[in-house]
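Below is start_35.pdb, which holds PDB, C-alpha atoms and all ligand atoms.
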ATOM      1  CA  MET K   8     -23.968 -23.049  -9.842
ATOM      2  CA  SER K   9     -21.309 -21.572 -12.089
ATOM      3  CA  THR K  10     -19.823 -24.052 -14.514
ATOM      4  CA  ASP K  11     -17.470 -21.718 -16.408
ATOM      5  CA  ILE K  12     -13.967 -23.156 -16.614
ATOM      6  CA  SER K  13     -11.334 -21.081 -14.917
ATOM      7  CA  ARG K  14      -8.396 -19.274 -16.465
ATOM      8  CA  ARG K  15      -6.120 -21.734 -14.708
ATOM      9  CA  GLN K  16      -7.846 -24.664 -16.424
ATOM     10  CA  LEU K  17      -7.344 -22.878 -19.749
ATOM     11  CA  PHE K  18      -3.685 -22.339 -18.790
ATOM     12  CA  ARG K  19      -3.249 -26.025 -17.985
ATOM     13  CA  GLY K  20      -4.986 -26.957 -21.227
ATOM     14  CA  ALA K  21      -2.628 -24.782 -23.239
ATOM     15  CA  LEU K  22       0.406 -26.308 -21.554
ATOM     16  CA  ALA K  23      -0.943 -29.839 -22.059
ATOM     17  CA  LEU K  24      -1.359 -29.092 -25.743
ATOM     18  CA  GLY K  25       2.200 -27.832 -25.904
ATOM     19  CA  GLY K  26       0.963 -24.270 -26.139
ATOM     20  CA  VAL K  27       3.237 -21.448 -25.072
ATOM     21  CA  VAL K  28       1.668 -19.260 -22.432
ATOM     22  CA  ALA K  29       3.502 -15.992 -22.004
ATOM     23  CA  VAL K  30       3.770 -15.083 -18.376
ATOM     24  CA  GLY K  31       4.917 -11.521 -17.983
ATOM     25  CA  GLY K  32       5.885  -9.943 -14.726
ATOM     26  CA  SER K  33       8.974  -9.045 -12.820
ATOM     27  CA  LEU K  34      10.829 -10.889 -10.127
ATOM     28  CA  VAL K  35       9.242 -11.024  -6.729
ATOM     29  CA  ALA K  36      11.013  -9.618  -3.730
ATOM     30  CA  CYS K  37       9.561 -12.321  -1.483
ATOM     31  CA  SER K  38      11.375 -11.135   1.609
ATOM     32  CA  THR K  39       9.696  -8.403   3.578
ATOM     33  CA  THR K  40      11.788  -5.283   3.390
ATOM     34  CA  GLU K  41      12.790  -3.043   6.254
ATOM     35  CA  THR K  42      10.710   0.071   6.866
ATOM     36  CA  GLY K  43      11.804   3.324   5.335
ATOM     37  CA  GLY K  44      11.217   2.414   1.724
ATOM     38  CA  PRO K  45      10.812   4.841  -1.167
ATOM     39  CA  GLY K  46       7.701   6.305   0.377
ATOM     40  CA  ALA K  47       9.171   6.777   3.817
ATOM     41  CA  GLU K  48       9.563  10.486   3.399
ATOM     42  CA  GLY K  49       6.049  10.807   1.942
ATOM     43  CA  GLY K  50       5.145  13.574  -0.461
ATOM     44  CA  GLY K  51       6.791  13.652  -3.872
ATOM     45  CA  GLY K  52       9.677  11.428  -2.792
ATOM     46  CA  LEU K  53       7.995   8.191  -3.810
ATOM     47  CA  LEU K  54       7.949   8.959  -7.531
ATOM     48  CA  GLU K  55      11.651   9.724  -7.733
ATOM     49  CA  ARG K  56      12.607   6.844  -5.446
ATOM     50  CA  ALA K  57      10.396   4.415  -7.390
ATOM     51  CA  LYS K  58      12.045   5.482 -10.643
ATOM     52  CA  GLN K  59      15.425   4.661  -9.097
ATOM     53  CA  GLN K  60      14.599   1.615  -6.947
ATOM     54  CA  GLY K  61      11.296   0.286  -8.282
ATOM     55  CA  LEU K  62       7.800   0.184  -6.755
ATOM     56  CA  ARG K  63       7.053  -2.411  -4.060
ATOM     57  CA  ILE K  64       3.503  -3.793  -4.168
ATOM     58  CA  ALA K  65       1.706  -5.990  -1.654
ATOM     59  CA  ILE K  66      -0.022  -8.990  -3.250
ATOM     60  CA  GLY K  67      -2.170 -11.779  -1.837
ATOM     61  CA  ASN K  68      -1.185 -14.521  -4.299
ATOM     62  CA  GLU K  69      -4.844 -15.269  -5.037
ATOM     63  CA  PRO K  70      -5.341 -15.768  -8.767
ATOM     64  CA  PRO K  71      -6.675 -14.128 -10.859
ATOM     65  CA  TYR K  72      -6.285 -10.968  -8.751
ATOM     66  CA  THR K  73      -2.620 -11.627  -8.030
ATOM     67  CA  GLU K  74      -0.430 -14.617  -8.787
ATOM     68  CA  LEU K  75       3.061 -15.582  -7.680
ATOM     69  CA  SER K  76       4.295 -17.976 -10.364
ATOM     70  CA  PRO K  77       6.604 -20.909  -9.485
ATOM     71  CA  ASP K  78       9.490 -19.099 -11.186
ATOM     72  CA  GLY K  79       8.991 -16.063  -8.947
ATOM     73  CA  THR K  80       7.242 -13.709 -11.310
ATOM     74  CA  VAL K  81       4.306 -11.707 -10.019
ATOM     75  CA  THR K  82       1.269 -11.310 -12.250
ATOM     76  CA  GLY K  83      -2.501 -11.112 -11.927
ATOM     77  CA  VAL K  84      -4.945  -8.477 -13.037
ATOM     78  CA  GLU K  85      -3.872  -5.741 -10.628
ATOM     79  CA  PRO K  86      -0.085  -6.178 -10.800
ATOM     80  CA  ASP K  87      -0.306  -6.266 -14.598
ATOM     81  CA  VAL K  88      -2.208  -2.952 -14.630
ATOM     82  CA  VAL K  89       0.207  -1.407 -12.099
ATOM     83  CA  ARG K  90       3.184  -2.503 -14.196
ATOM     84  CA  ALA K  91       1.697  -0.975 -17.360
ATOM     85  CA  VAL K  92       0.929   2.345 -15.664
ATOM     86  CA  CYS K  93       4.337   2.443 -13.962
ATOM     87  CA  GLU K  94       6.062   2.034 -17.335
ATOM     88  CA  ARG K  95       4.252   5.162 -18.473
ATOM     89  CA  MET K  96       5.525   6.964 -15.382
ATOM     90  CA  GLY K  97       9.129   5.992 -16.015
ATOM     91  CA  ILE K  98       9.117   3.291 -13.317
ATOM     92  CA  SER K  99      10.626   0.175 -14.866
ATOM     93  CA  LYS K 100      10.615  -2.201 -11.885
ATOM     94  CA  VAL K 101       7.637  -3.471  -9.870
ATOM     95  CA  GLU K 102       8.344  -5.927  -7.045
ATOM     96  CA  GLY K 103       5.656  -8.066  -5.404
ATOM     97  CA  ILE K 104       5.644  -8.947  -1.699
ATOM     98  CA  VAL K 105       3.137 -11.570  -0.513
ATOM     99  CA  SER K 106       0.995 -10.590   2.478
ATOM    100  CA  GLY K 107      -2.256 -11.566   4.154
ATOM    101  CA  TYR K 108      -5.104  -9.164   3.471
ATOM    102  CA  ASP K 109      -5.298  -8.214   7.147
ATOM    103  CA  ALA K 110      -1.673  -7.036   7.114
ATOM    104  CA  MET K 111      -1.750  -5.049   3.871
ATOM    105  CA  ILE K 112      -2.830  -1.668   5.236
ATOM    106  CA  PRO K 113      -0.656  -1.874   8.395
ATOM    107  CA  GLY K 114       2.277  -2.901   6.179
ATOM    108  CA  LEU K 115       1.658   0.037   3.847
ATOM    109  CA  LYS K 116       1.625   2.434   6.811
ATOM    110  CA  ALA K 117       4.874   0.866   8.055
ATOM    111  CA  ASN K 118       6.501   1.409   4.633
ATOM    112  CA  ARG K 119       7.007  -2.319   4.115
ATOM    113  CA  TRP K 120       5.599  -1.696   0.624
ATOM    114  CA  ASP K 121       4.655   1.364  -1.369
ATOM    115  CA  THR K 122       1.319   0.241  -2.768
ATOM    116  CA  ILE K 123      -1.292  -2.462  -2.303
ATOM    117  CA  ALA K 124      -2.185  -4.063  -5.645
ATOM    118  CA  ALA K 125      -4.041  -7.167  -4.499
ATOM    119  CA  GLY K 126      -7.695  -6.620  -5.237
ATOM    120  CA  LEU K 127      -8.166  -5.105  -1.763
ATOM    121  CA  PHE K 128     -11.800  -4.164  -2.287
ATOM    122  CA  MET K 129     -12.818  -0.615  -1.476
ATOM    123  CA  LYS K 130     -15.115  -0.002   1.488
ATOM    124  CA  GLU K 131     -15.627   2.804   4.001
ATOM    125  CA  SER K 132     -13.186   1.656   6.686
ATOM    126  CA  ARG K 133     -10.377   1.029   4.208
ATOM    127  CA  CYS K 134     -10.952   4.263   2.296
ATOM    128  CA  ARG K 135     -10.492   6.158   5.559
ATOM    129  CA  GLU K 136      -6.975   4.759   5.884
ATOM    130  CA  VAL K 137      -5.590   4.562   2.353
ATOM    131  CA  ALA K 138      -5.947   6.511  -0.885
ATOM    132  CA  TYR K 139      -7.229   4.390  -3.780
ATOM    133  CA  ALA K 140      -6.518   5.039  -7.431
ATOM    134  CA  SER K 141      -9.344   5.075  -9.960
ATOM    135  CA  PRO K 142     -11.077   1.645 -10.009
ATOM    136  CA  VAL K 143      -9.680  -0.941 -12.423
ATOM    137  CA  ILE K 144     -11.916  -3.918 -11.607
ATOM    138  CA  VAL K 145     -15.429  -4.626 -10.338
ATOM    139  CA  SER K 146     -16.144  -8.253  -9.498
ATOM    140  CA  THR K 147     -18.565 -10.503  -7.631
ATOM    141  CA  GLU K 148     -18.615 -12.745  -4.551
ATOM    142  CA  SER K 149     -19.723 -16.394  -4.458
ATOM    143  CA  PHE K 150     -19.808 -19.339  -2.093
ATOM    144  CA  GLY K 151     -17.490 -22.258  -2.665
ATOM    145  CA  VAL K 152     -19.432 -25.370  -1.680
ATOM    146  CA  ARG K 153     -19.126 -29.126  -1.774
ATOM    147  CA  PRO K 154     -20.420 -30.751  -4.977
ATOM    148  CA  GLY K 155     -24.186 -30.481  -5.214
ATOM    149  CA  ASN K 156     -24.249 -27.691  -2.588
ATOM    150  CA  PRO K 157     -25.704 -30.102  -0.001
ATOM    151  CA  LYS K 158     -26.442 -27.286   2.486
ATOM    152  CA  ASP K 159     -28.069 -25.181  -0.252
ATOM    153  CA  VAL K 160     -26.119 -22.016   0.625
ATOM    154  CA  LEU K 161     -26.851 -19.307  -1.926
ATOM    155  CA  THR K 162     -27.225 -15.949  -0.170
ATOM    156  CA  ILE K 163     -25.941 -13.994   2.819
ATOM    157  CA  ALA K 164     -29.525 -14.149   4.123
ATOM    158  CA  ASP K 165     -29.297 -17.983   4.107
ATOM    159  CA  VAL K 166     -26.308 -17.763   6.470
ATOM    160  CA  LYS K 167     -28.098 -15.235   8.681
ATOM    161  CA  GLU K 168     -31.237 -17.386   8.934
ATOM    162  CA  ARG K 169     -29.508 -20.740   9.542
ATOM    163  CA  GLN K 170     -27.136 -20.522  12.462
ATOM    164  CA  ASP K 171     -25.912 -24.063  11.886
ATOM    165  CA  LEU K 172     -24.064 -22.868   8.777
ATOM    166  CA  ARG K 173     -20.317 -22.321   9.160
ATOM    167  CA  VAL K 174     -18.743 -19.991   6.595
ATOM    168  CA  GLY K 175     -15.005 -19.771   5.889
ATOM    169  CA  VAL K 176     -13.352 -16.419   5.228
ATOM    170  CA  VAL K 177      -9.731 -15.261   4.964
ATOM    171  CA  PRO K 178      -8.572 -13.201   7.996
ATOM    172  CA  GLY K 179      -9.375  -9.498   7.804
ATOM    173  CA  GLY K 180     -10.824  -9.921   4.343
ATOM    174  CA  PHE K 181     -13.688  -8.096   2.698
ATOM    175  CA  GLU K 182     -15.872 -11.203   3.108
ATOM    176  CA  GLN K 183     -15.413 -11.250   6.876
ATOM    177  CA  GLY K 184     -16.712  -7.687   6.797
ATOM    178  CA  ILE K 185     -19.744  -8.703   4.733
ATOM    179  CA  LEU K 186     -20.745 -11.293   7.349
ATOM    180  CA  GLU K 187     -20.070  -9.007  10.332
ATOM    181  CA  THR K 188     -21.990  -6.125   8.723
ATOM    182  CA  ALA K 189     -24.910  -8.534   8.171
ATOM    183  CA  GLY K 190     -24.862  -9.285  11.917
ATOM    184  CA  ILE K 191     -23.876 -12.930  11.542
ATOM    185  CA  PRO K 192     -22.593 -14.370  14.854
ATOM    186  CA  ALA K 193     -18.848 -14.885  15.200
ATOM    187  CA  ALA K 194     -19.522 -18.576  15.927
ATOM    188  CA  GLN K 195     -20.548 -19.014  12.290
ATOM    189  CA  ILE K 196     -17.469 -17.256  10.876
ATOM    190  CA  VAL K 197     -14.447 -19.532  10.491
ATOM    191  CA  ASN K 198     -11.056 -18.101   9.578
ATOM    192  CA  VAL K 199      -9.141 -20.066   6.955
ATOM    193  CA  THR K 200      -5.575 -19.332   5.908
ATOM    194  CA  ASP K 201      -6.111 -18.471   2.250
ATOM    195  CA  ALA K 202      -7.922 -19.684  -0.875
ATOM    196  CA  ARG K 203      -6.326 -23.150  -0.797
ATOM    197  CA  GLY K 204      -6.884 -23.393   2.946
ATOM    198  CA  GLY K 205     -10.548 -22.590   2.446
ATOM    199  CA  ALA K 206     -10.930 -25.344  -0.132
ATOM    200  CA  ASP K 207      -9.260 -27.794   2.252
ATOM    201  CA  ALA K 208     -11.554 -26.732   5.118
ATOM    202  CA  LEU K 209     -14.577 -27.192   2.866
ATOM    203  CA  ASN K 210     -13.535 -30.666   1.784
ATOM    204  CA  ALA K 211     -12.728 -31.630   5.389
ATOM    205  CA  ASP K 212     -16.239 -30.523   6.415
ATOM    206  CA  ARG K 213     -14.851 -27.902   8.810
ATOM    207  CA  ILE K 214     -17.013 -25.337   6.990
ATOM    208  CA  ASP K 215     -20.204 -25.537   4.951
ATOM    209  CA  ALA K 216     -19.331 -22.739   2.528
ATOM    210  CA  PHE K 217     -16.303 -20.635   1.619
ATOM    211  CA  LEU K 218     -17.027 -16.947   0.914
ATOM    212  CA  LEU K 219     -14.562 -15.537  -1.610
ATOM    213  CA  PRO K 220     -14.614 -13.711  -4.973
ATOM    214  CA  THR K 221     -16.260 -15.733  -7.707
ATOM    215  CA  LEU K 222     -13.201 -15.745  -9.951
ATOM    216  CA  SER K 223     -10.875 -16.793  -7.121
ATOM    217  CA  LEU K 224     -13.109 -19.744  -6.256
ATOM    218  CA  ARG K 225     -13.143 -20.837  -9.884
ATOM    219  CA  GLU K 226      -9.366 -21.289  -9.679
ATOM    220  CA  LEU K 227      -9.751 -23.960  -6.966
ATOM    221  CA  ASP K 228      -9.966 -27.611  -7.977
ATOM    222  CA  GLY K 229     -12.724 -29.647  -6.341
ATOM    223  CA  VAL K 230     -14.810 -26.632  -5.289
ATOM    224  CA  GLU K 231     -18.269 -25.983  -6.709
ATOM    225  CA  VAL K 232     -18.913 -22.268  -7.166
ATOM    226  CA  THR K 233     -22.357 -20.758  -6.690
ATOM    227  CA  ASP K 234     -23.629 -18.030  -8.968
ATOM    228  CA  PRO K 235     -22.669 -14.549  -7.763
ATOM    229  CA  ILE K 236     -24.330 -13.855  -4.412
ATOM    230  CA  PRO K 237     -27.260 -11.486  -5.028
ATOM    231  CA  ASP K 238     -27.162  -9.828  -1.575
ATOM    232  CA  ALA K 239     -23.386  -9.302  -1.376
ATOM    233  CA  PRO K 240     -22.055  -5.756  -1.952
ATOM    234  CA  LYS K 241     -20.282  -4.653  -5.123
ATOM    235  CA  THR K 242     -16.547  -5.395  -4.976
ATOM    236  CA  GLY K 243     -14.193  -3.062  -6.743
ATOM    237  CA  SER K 244     -10.553  -2.211  -6.329
ATOM    238  CA  SER K 245      -7.444  -0.507  -7.600
ATOM    239  CA  ALA K 246      -3.968   0.265  -6.298
ATOM    240  CA  ALA K 247      -3.991   1.747  -2.776
ATOM    241  CA  PHE K 248      -1.457   4.277  -1.474
ATOM    242  CA  ARG K 249      -0.545   6.104   1.725
ATOM    243  CA  PRO K 250      -2.449   9.403   1.957
ATOM    244  CA  GLU K 251       0.873  11.275   2.191
ATOM    245  CA  ASP K 252       1.791   9.957  -1.265
ATOM    246  CA  GLN K 253      -0.985  11.949  -2.906
ATOM    247  CA  ASP K 254       1.489  13.483  -5.381
ATOM    248  CA  PHE K 255       2.360  10.005  -6.621
ATOM    249  CA  LEU K 256      -1.304   9.020  -6.722
ATOM    250  CA  ASP K 257      -2.224  12.089  -8.760
ATOM    251  CA  ALA K 258       0.481  11.274 -11.315
ATOM    252  CA  TYR K 259      -0.555   7.603 -11.291
ATOM    253  CA  ASN K 260      -4.208   8.435 -11.913
ATOM    254  CA  VAL K 261      -3.357  10.647 -14.893
ATOM    255  CA  GLU K 262      -1.535   7.770 -16.593
ATOM    256  CA  LEU K 263      -4.109   5.202 -15.447
ATOM    257  CA  GLU K 264      -6.993   7.096 -17.028
ATOM    258  CA  LYS K 265      -5.103   7.268 -20.320
ATOM    259  CA  PHE K 266      -4.290   3.554 -20.098
ATOM    260  CA  LYS K 267      -7.904   2.611 -19.371
ATOM    261  CA  ALA K 268      -8.824   4.085 -22.769
ATOM    262  CA  GLU K 269      -6.354   1.820 -24.593
ATOM    263  CA  PRO K 270      -7.154  -1.708 -25.850
ATOM    264  CA  ALA K 271      -4.279  -3.048 -23.739
ATOM    265  CA  PHE K 272      -6.253  -2.319 -20.561
ATOM    266  CA  ALA K 273      -9.229  -4.404 -21.659
ATOM    267  CA  GLU K 274      -6.834  -7.118 -22.835
ATOM    268  CA  ILE K 275      -5.306  -7.427 -19.363
ATOM    269  CA  LEU K 276      -8.707  -7.652 -17.690
ATOM    270  CA  GLU K 277     -10.048 -10.203 -20.182
ATOM    271  CA  LYS K 278      -6.867 -12.297 -19.906
ATOM    272  CA  TRP K 279      -7.625 -12.753 -16.196
ATOM    273  CA  GLY K 280     -11.370 -13.296 -16.637
ATOM    274  CA  PHE K 281     -12.652  -9.821 -15.720
ATOM    275  CA  ASP K 282     -15.204  -7.876 -17.770
ATOM    276  CA  PRO K 283     -13.767  -4.437 -18.598
ATOM    277  CA  THR K 284     -17.209  -3.008 -19.366
ATOM    278  CA  VAL K 285     -18.382  -3.527 -15.773
ATOM    279  CA  VAL K 286     -15.848  -1.099 -14.285
ATOM    280  CA  ALA K 287     -16.463   1.633 -16.882
ATOM    281  CA  GLY K 288     -17.782   4.756 -15.154
ATOM    282  CA  VAL K 289     -17.499   3.312 -11.628
ATOM    283  CA  THR K 290     -15.873   5.771  -9.242
ATOM    284  CA  THR K 291     -13.725   5.454  -6.132
ATOM    285  CA  GLU K 292     -16.308   7.525  -4.271
ATOM    286  CA  GLU K 293     -19.038   5.017  -5.166
ATOM    287  CA  LEU K 294     -17.027   1.998  -4.037
ATOM    288  CA  CYS K 295     -15.792   3.738  -0.882
ATOM    289  CA  ALA K 296     -19.423   4.115   0.163
ATOM    290  CA  VAL K 297     -19.700   0.335   0.634
ATOM    291  CA  ASP K 298     -20.465  -0.416   4.296
ATOM    292  CA  GLY K 299     -17.821  -2.095   6.411
TER     293      GLY K 299
HETATM  294  O1  LIG X 301     -10.476  -7.240  -0.479
HETATM  295  C1  LIG X 301     -10.425  -8.278   0.182
HETATM  296  O2  LIG X 301     -10.255  -8.334   1.400
HETATM  297  C2  LIG X 301     -10.632  -9.589  -0.616
HETATM  298  N1  LIG X 301     -10.023  -9.468  -1.897
HETATM  299  C3  LIG X 301      -9.695 -10.542  -2.593
HETATM  300  C4  LIG X 301      -9.161 -10.394  -3.981
HETATM  301  N2  LIG X 301      -9.768 -11.768  -2.095
HETATM  302  C5  LIG X 301     -10.241 -12.056  -0.719
HETATM  303  C6  LIG X 301     -10.123 -10.788   0.129
HETATM  304  O3  LIG X 301     -10.850 -10.971   1.340
END
Kindly present the structure from the file in structure tokens form.
Ligand code: 6CS
Amino acid sequence: MSTDISRRQLFRGALALGGVVAVGGSLVACSTTETGGPGAEGGGGLLERAKQQGLRIAIGNEPPYTELSPDGTVTGVEPDVVRAVCERMGISKVEGIVSGYDAMIPGLKANRWDTIAAGLFMKESRCREVAYASPVIVSTESFGVRPGNPKDVLTIADVKERQDLRVGVVPGGFEQGILETAGIPAAQIVNVTDARGGADALNADRIDAFLLPTLSLRELDGVEVTDPIPDAPKTGSSAAFRPEDQDFLDAYNVELEKFKAEPAFAEILEKWGFDPTVVAGVTTEELCAVDG
């Protein structure tokens, strides 16, 4: 069982002590925008259009990967990295649009946003549809369980072997793919709306475990978080683009690689609870080889 306190608990502590917590970020364009955005024409058009109109990113609002603050700002580890790299590209505005994970790639293809910056973990099926930038995070998966882990759920193999276990996942998420790839029957896989919905389902005994990234689970009050699941695949991500925006991606990667060498990159990751040393040397090709 992980007992580390979450970033959110630290945040609350700072506020309770009267501390000032700087929340960066730009305003969120919460409404979905019509198709035909800056990337509509594909090719080099996105860079020029983004410089003029800003870059629209899809986010999941699942801290610490992405977070929509009450005052409308969008932050989280990936949006903060995107914003820093965009500044180096002459793009001064980054707008976040909240989406479910299952709609992120279709929405990108429909030009509802220009980039996915949500911690949409790389895997074969996704890498066939979108073009990922160089990895910025590698993280782990855990089970959220009721206090004391009464069903003793610790591994994917436990779920496979005990068909009475019901596991919650967010629709179309990486975790649903983990269970399906492991051959776990659909009857054991329960869709929940999002991180908060999964915690509610757990506490209402509609599921026995909630499969989600370790750091996301740690943000949820009342949920016990298992140690990282030993037989879950490596989860890594970065910004994802339409294949036709390769020119933009090439320019983005040049600035991203420079930024990754600066202390500010590690500072962003550590602020959100990620270990910058884990992603060092990990490649898109490696993460795109993950089954699913
Ligand atoms: O990549 C995904 O689908 C998963 N990523 C995060 C950050 N949370 C859950 C989601 O299923």
Selection as a tab-separated table (two decimals) with C-alpha atoms, in the coordinates of the input: residues within 6 Å of ligand LIG 301 (chain X) by all atoms listed in the file:
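File selection34.tsv, as written:
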chain	number	residue	atom	x	y	z
K	72	TYR	CA	-6.28	-10.97	-8.75
K	108	TYR	CA	-5.10	-9.16	3.47
K	126	GLY	CA	-7.70	-6.62	-5.24
K	127	LEU	CA	-8.17	-5.11	-1.76
K	128	PHE	CA	-11.80	-4.16	-2.29
K	177	VAL	CA	-9.73	-15.26	4.96
K	180	GLY	CA	-10.82	-9.92	4.34
K	181	PHE	CA	-13.69	-8.10	2.70
K	182	GLU	CA	-15.87	-11.20	3.11
K	219	LEU	CA	-14.56	-15.54	-1.61
K	220	PRO	CA	-14.61	-13.71	-4.97
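Between Glu136 (chain K) and the candidates K:Ala216, K:Ala117, K:Ile112, K:Ala206, the tightest atom-to-atom separation, counting all atoms listed in the file, involves K:Ile112.
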Can you tell me how far CA of Ala246 (chain K) sits from CA of Phe281 (chain K), in Å to one decimal?
16.3 Å
Among the residues K:Gln59, K:Gln253, K:Ser244, K:Thr147, the one that comes closest to Glu85 (chain K) [using all atoms listed in the file]:
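Nearest candidate to Glu85 (chain K) out of K:Gln59, K:Gln253, K:Ser244, K:Thr147: K:Ser244.
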Could you name the residues that touch Pro70 (chain K) at 7 Å or less, counting all atoms listed in the file, but leaving out those on the same chain fewer than 5 positions away, as a VMD selection string?
chain K and resid 83 223 226
Which residue out of K:Val166, K:Ala91, K:Val81, K:Val101 has the minimum interatomic distance to Gly61 (chain K) when all atoms listed in the file are used?
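Residue with the minimum atom-to-atom distance to Gly61 (chain K): K:Val101.
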To one decimal in Å, tell me the separation between CA of Val105 (chain K) and CA of Asn68 (chain K).
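Distance between the two atoms: 6.5 Å.
When the PyMOL selection byres (((chain K and resi 119-122) around 6) and not hetatm) is run on the displayed coordinates, the residues it returns are Thr40, Thr42, Arg63, Ile64, Gly114, Leu115, Ala117, Asn118, Ile123, Ala247 and Phe248 of chain K.
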Need the shell around Ile275 (chain K): protein/DNA/RNA residues with any atom at most 8 Å away, counting only C-alpha atoms. Skip same-chain ones fewer than 4 positions apart. Format as a ChimeraX atom specification?
/K:84,87-88,271,279
What are the centre and the three edge lengths of an axis-aligned box that wraps all atoms of region 110-129 of chain K in the file, given that 4 Å is added to every side, written as AutoDock Vina command-line options and rounded to one decimal in Å?
--center_x -2.9 --center_y -2.4 --center_z 1.4 --size_x 27.8 --size_y 17.6 --size_z 22.0
Taking the file as shown, what set of residues would the PyMOL selection byres (((chain K and resi 282-292) around 10) and not hetatm) give back, as a PDB file with C-alpha atoms, in the frame of the given file?
ATOM      1  CA  MET K 129     -12.818  -0.615  -1.476  1.00  0.00           C
ATOM      2  CA  LYS K 130     -15.115  -0.002   1.488  1.00  0.00           C
ATOM      3  CA  GLU K 131     -15.627   2.804   4.001  1.00  0.00           C
ATOM      4  CA  CYS K 134     -10.952   4.263   2.296  1.00  0.00           C
ATOM      5  CA  ALA K 138      -5.947   6.511  -0.885  1.00  0.00           C
ATOM      6  CA  TYR K 139      -7.229   4.390  -3.780  1.00  0.00           C
ATOM      7  CA  ALA K 140      -6.518   5.039  -7.431  1.00  0.00           C
ATOM      8  CA  SER K 141      -9.344   5.075  -9.960  1.00  0.00           C
ATOM      9  CA  PRO K 142     -11.077   1.645 -10.009  1.00  0.00           C
ATOM     10  CA  VAL K 143      -9.680  -0.941 -12.423  1.00  0.00           C
ATOM     11  CA  ILE K 144     -11.916  -3.918 -11.607  1.00  0.00           C
ATOM     12  CA  VAL K 145     -15.429  -4.626 -10.338  1.00  0.00           C
ATOM     13  CA  SER K 146     -16.144  -8.253  -9.498  1.00  0.00           C
ATOM     14  CA  GLY K 243     -14.193  -3.062  -6.743  1.00  0.00           C
ATOM     15  CA  SER K 244     -10.553  -2.211  -6.329  1.00  0.00           C
ATOM     16  CA  SER K 245      -7.444  -0.507  -7.600  1.00  0.00           C
ATOM     17  CA  LYS K 267      -7.904   2.611 -19.371  1.00  0.00           C
ATOM     18  CA  ALA K 268      -8.824   4.085 -22.769  1.00  0.00           C
ATOM     19  CA  PHE K 272      -6.253  -2.319 -20.561  1.00  0.00           C
ATOM     20  CA  ALA K 273      -9.229  -4.404 -21.659  1.00  0.00           C
ATOM     21  CA  GLU K 274      -6.834  -7.118 -22.835  1.00  0.00           C
ATOM     22  CA  ILE K 275      -5.306  -7.427 -19.363  1.00  0.00           C
ATOM     23  CA  LEU K 276      -8.707  -7.652 -17.690  1.00  0.00           C
ATOM     24  CA  GLU K 277     -10.048 -10.203 -20.182  1.00  0.00           C
ATOM     25  CA  LYS K 278      -6.867 -12.297 -19.906  1.00  0.00           C
ATOM     26  CA  TRP K 279      -7.625 -12.753 -16.196  1.00  0.00           C
ATOM     27  CA  GLY K 280     -11.370 -13.296 -16.637  1.00  0.00           C
ATOM     28  CA  PHE K 281     -12.652  -9.821 -15.720  1.00  0.00           C
ATOM     29  CA  GLU K 293     -19.038   5.017  -5.166  1.00  0.00           C
ATOM     30  CA  LEU K 294     -17.027   1.998  -4.037  1.00  0.00           C
ATOM     31  CA  CYS K 295     -15.792   3.738  -0.882  1.00  0.00           C
ATOM     32  CA  ALA K 296     -19.423   4.115   0.163  1.00  0.00           C
ATOM     33  CA  VAL K 297     -19.700   0.335   0.634  1.00  0.00           C
TER      34      VAL K 297
END
One number please: CA of Leu172 (chain K) to CA of Phe150 (chain K), in Å, one decimal.
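About the pair CA of Leu172 (chain K) and CA of Phe150 (chain K): they are 12.2 Å apart.
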